[in-house]
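Engineer: Pasting a structure below so you can have a look.
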Amino acid sequence: MMAPFAPAIRVLIVDQHLAFRDALASRLQAEADLAVVAKAHSAGYAPHVLVGRSADVILLDADLPDDSAIAFCADMTQSGDQSRVVMLGAASQPERIVAAVRAGAAAWVRKDESIDHLLGVIHGVVRGETWIPPRDLGAVLRLLIEEQDRRRDGDGLLASLTRRERDVLFLLVEGAGRQEVAERLQLSANTVRTHLHSLMVKFGVHSTLEVAALARPWLQTLPQIRETRKPARWDGARESGSR
């Protein structure tokens with residue numbers, strides 16, 4: 001029996017440079033599991049080329065004029081759009097990456113990275129993962145933590161979480177993506193999405209990467225949470241009652 005056909009990952013490319021935009025589209029179209037559904041030269045034009053279509057991943061030029069890339073990313077996130085945004089930047093400054101993460105971006109990739117690296121990031125964000133250049137990760141996390149430490153009391157915030165939200169939080173800090181969280185906690189994808197959204201609301205942030213970054217300083221508390229987790233299998237009724 002043949003395996004069921006897997007739908008292609010739909011990609012929207014938004015980049016101000018025609019040559020780069022077309023070359024990237026041509027290369028991505030060569031991948032059997034990717035489909036470039038539209039291209040746009042600006043954030044303002046992007047919604048028009050998507051009319052009647054949708055994208056799983058948006059490759060967004062981080063260097064668009066007037067910080068329009070950040071504004072577009074935030075608009076997509078706040079509108080409830082399920083597209084995962086990958087910022088493509090000519091360089092990678094921690095302050096700009098932080099702004100992108102706060103706007104809801106799932107990844108930041110330098111334009112001089114290899115196409116194989118970009119393909120790996122695209123597949124990763126579709127699985128619910130995030131990506132920040134390793135050499136910038138420390139500075140980005142410090143900026144995120146310093147910013148939120150001025151407004152959040154970690155102990156009080158952890159105390160406000162449900163037991164299941166703490167389970168999810170611990171796995172996020174361990175580096176688990178959305179699919180891994182669902183598998184390890186034996187939850188449905190929709191339930192994991194609900195818990196992640198609740199965590200983002202309680203932390204006052206726009207991405208799970210920020211949630212994990214803010215929770216890392218409280219690692220001395222998280223092992224206690226891990227020890228209280230029950231490995232029993234949860235069915236739908238018990239799952240609902242544990243929230």
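Ordered as shown in the structure tokens, chains take letters A, B, and onward, while each chain numbers its residues from 1 and ligands are numbered from 1 in the order shown.
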Give me the residues of range 65-173 of chain A that have any atom at most 10 Å from an atom of range 14-31 of chain A; for each, the nearest atom pair and the distance in Å, rounded to one decimal. Use only C-alpha atoms, sort by chain and number, and format it as CSV.

Structural biologist:
```
residue,atom,partner,partner_atom,distance
A:Pro65,CA,A:Gln16,CA,9.0
A:Ala69,CA,A:Val14,CA,9.0
A:Met87,CA,A:Val14,CA,9.7
A:Leu88,CA,A:Asp15,CA,8.7
A:Lys111,CA,A:Phe20,CA,9.6
A:Ile115,CA,A:Arg27,CA,8.3
A:Leu118,CA,A:Leu28,CA,9.8
A:Leu119,CA,A:Leu28,CA,8.2
```

Engineer: Can you tell me which residues surround range 138-142 of chain A at a distance of at most 9 Å, considering only C-alpha atoms, apart from same-chain residues fewer than 4 positions away, and format the answer as a PyMOL selection string?

Structural biologist: chain A and resi 93-95+97-98+132+134+146-147+210+213-214

Engineer: Filtering to C-alpha atoms, could you give me those residues as a PDB file, in the first residue's frame?

Structural biologist:
```pdb
ATOM      1  CA  GLN A  93      22.159  42.179  15.436  1.00  0.00           C
ATOM      2  CA  PRO A  94      20.685  40.908  18.718  1.00  0.00           C
ATOM      3  CA  GLU A  95      18.492  44.004  19.143  1.00  0.00           C
ATOM      4  CA  ILE A  97      16.411  39.759  16.393  1.00  0.00           C
ATOM      5  CA  VAL A  98      14.703  40.567  19.697  1.00  0.00           C
ATOM      6  CA  ILE A 132      18.256  31.985  16.167  1.00  0.00           C
ATOM      7  CA  PRO A 134      23.851  30.341  17.810  1.00  0.00           C
ATOM      8  CA  GLU A 146      16.448  41.890  31.077  1.00  0.00           C
ATOM      9  CA  GLU A 147      13.456  43.462  29.382  1.00  0.00           C
ATOM     10  CA  GLU A 210      10.378  34.230  24.598  1.00  0.00           C
ATOM     11  CA  ALA A 213      13.952  32.482  27.490  1.00  0.00           C
ATOM     12  CA  LEU A 214      12.143  34.074  30.410  1.00  0.00           C
TER      13      LEU A 214
END
```

Engineer: My list of candidates is A:Val121, A:Ala71, A:Ala90, A:Leu144. Which is closest to Gly104 in chain A when distances are computed with only C-alpha atoms?

Structural biologist: A:Ala71

Engineer: Quote the spacing between CA of Leu50 in chain A and CA of Val37 in chain A in Å to one decimal place.

Structural biologist: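 Separation of CA of Leu50 in chain A and CA of Val37 in chain A: 8.0 Å.
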
Engineer: Would you give me, as a VMD selection string, the residues in range 1-196 of chain A that DSSP reads as helix (DSSP H, G or I)?

Structural biologist: chain A and resid 18 to 29 46 to 49 65 to 78 94 to 102 115 to 126 134 to 149 154 to 159 163 to 174 178 to 185 189 to 196

Engineer: Could those residues be written to a file, using C-alpha atoms, as a short mmCIF file (atom, residue, chain, number, x, y, z; two decimals), in the first residue's frame?

Structural biologist:
```cif
data_model
loop_
_atom_site.label_atom_id
_atom_site.label_comp_id
_atom_site.auth_asym_id
_atom_site.auth_seq_id
_atom_site.Cartn_x
_atom_site.Cartn_y
_atom_site.Cartn_z
CA LEU A 18 13.91 41.12 -7.45
CA ALA A 19 16.99 39.04 -8.29
CA PHE A 20 17.21 37.52 -4.81
CA ARG A 21 13.46 36.93 -4.68
CA ASP A 22 13.35 35.13 -8.01
CA ALA A 23 16.53 33.10 -7.40
CA LEU A 24 15.25 31.94 -4.02
CA ALA A 25 11.85 31.04 -5.45
CA SER A 26 13.45 29.02 -8.24
CA ARG A 27 15.63 27.10 -5.79
CA LEU A 28 12.77 26.34 -3.39
CA GLN A 29 10.52 25.16 -6.22
CA ALA A 46 2.13 40.79 0.43
CA PRO A 47 -1.53 40.50 1.53
CA HIS A 48 -2.67 41.21 -2.01
CA VAL A 49 -0.68 38.37 -3.57
CA PRO A 65 12.29 50.00 4.70
CA ASP A 66 10.77 51.72 7.75
CA ASP A 67 10.74 48.57 9.89
CA SER A 68 7.79 47.37 7.81
CA ALA A 69 8.96 43.76 8.20
CA ILE A 70 8.51 43.91 11.97
CA ALA A 71 5.10 45.59 11.61
CA PHE A 72 3.97 43.01 9.04
CA CYS A 73 5.13 40.12 11.22
CA ALA A 74 3.28 41.54 14.25
CA ASP A 75 0.12 42.07 12.20
CA MET A 76 0.18 38.47 10.98
CA THR A 77 0.71 37.15 14.50
CA GLN A 78 -1.97 39.28 16.12
CA PRO A 94 20.69 40.91 18.72
CA GLU A 95 18.49 44.00 19.14
CA ARG A 96 16.88 43.47 15.75
CA ILE A 97 16.41 39.76 16.39
CA VAL A 98 14.70 40.57 19.70
CA ALA A 99 12.33 42.94 17.89
CA ALA A 100 11.53 40.18 15.38
CA VAL A 101 10.95 37.59 18.10
CA ARG A 102 8.67 39.97 19.99
CA ILE A 115 20.29 27.07 1.03
CA ASP A 116 20.54 23.75 2.86
CA HIS A 117 20.55 25.62 6.16
CA LEU A 118 17.50 27.64 5.12
CA LEU A 119 15.69 24.47 4.07
CA GLY A 120 16.40 22.96 7.47
CA VAL A 121 14.99 26.04 9.19
CA ILE A 122 11.86 25.98 7.01
CA HIS A 123 11.16 22.35 7.88
CA GLY A 124 11.92 23.06 11.52
CA VAL A 125 9.52 25.97 11.93
CA VAL A 126 6.75 23.94 10.30
CA PRO A 134 23.85 30.34 17.81
CA ARG A 135 26.42 33.14 18.03
CA ASP A 136 23.62 35.63 18.75
CA LEU A 137 21.49 33.43 20.99
CA GLY A 138 23.13 34.37 24.28
CA ALA A 139 22.84 38.10 23.65
CA VAL A 140 19.24 37.73 22.45
CA LEU A 141 18.20 35.77 25.52
CA ARG A 142 19.89 38.27 27.82
CA LEU A 143 18.05 41.15 26.18
CA LEU A 144 14.72 39.34 26.42
CA ILE A 145 15.28 38.42 30.04
CA GLU A 146 16.45 41.89 31.08
CA GLU A 147 13.46 43.46 29.38
CA GLN A 148 10.94 41.19 31.03
CA ASP A 149 12.63 41.12 34.43
CA GLY A 154 9.04 35.00 38.13
CA ASP A 155 7.87 33.24 41.27
CA GLY A 156 4.39 34.76 41.08
CA LEU A 157 4.11 33.94 37.41
CA LEU A 158 5.08 30.30 37.87
CA ALA A 159 2.59 30.02 40.71
CA ARG A 163 0.06 21.92 36.32
CA ARG A 164 -0.21 21.11 32.62
CA GLU A 165 1.11 24.54 31.63
CA ARG A 166 4.13 23.85 33.85
CA ASP A 167 4.64 20.50 32.11
CA VAL A 168 4.66 22.27 28.74
CA LEU A 169 6.92 25.03 30.07
CA PHE A 170 9.54 22.57 31.31
CA LEU A 171 9.72 20.91 27.90
CA LEU A 172 10.02 24.30 26.17
CA VAL A 173 12.99 25.14 28.39
CA GLU A 174 14.51 21.77 27.47
CA ARG A 178 5.46 21.74 19.56
CA GLN A 179 5.30 18.23 18.09
CA GLU A 180 7.70 16.82 20.69
CA VAL A 181 5.68 18.43 23.50
CA ALA A 182 2.54 16.74 22.20
CA GLU A 183 4.25 13.35 21.93
CA ARG A 184 5.98 13.43 25.32
CA LEU A 185 2.92 14.63 27.21
CA ALA A 189 -1.82 19.18 18.77
CA ASN A 190 -4.81 21.45 19.49
CA THR A 191 -4.40 21.04 23.25
CA VAL A 192 -0.69 21.87 23.03
CA ARG A 193 -1.52 24.94 20.94
CA THR A 194 -4.00 26.06 23.61
CA HIS A 195 -1.44 25.65 26.40
CA LEU A 196 1.23 27.49 24.41
#
```

Engineer: Mind giving me the straight-line distance from CA of Val51 in chain A to CA of Arg10 in chain A in Å, one decimal?

Structural biologist: 14.0 Å

Engineer: Kindly indicate which residue among A:Ser83, A:Ser92, A:Ser160, A:Ser114 lies nearest to Ile58 in chain A, using only C-alpha atoms for the distances.

Structural biologist: A:Ser83

Engineer: Provide the CA of Glu129 in chain A to CA of Asp61 in chain A distance in Å, to one decimal place.

Structural biologist: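 Separation of CA of Glu129 in chain A and CA of Asp61 in chain A: 19.8 Å.
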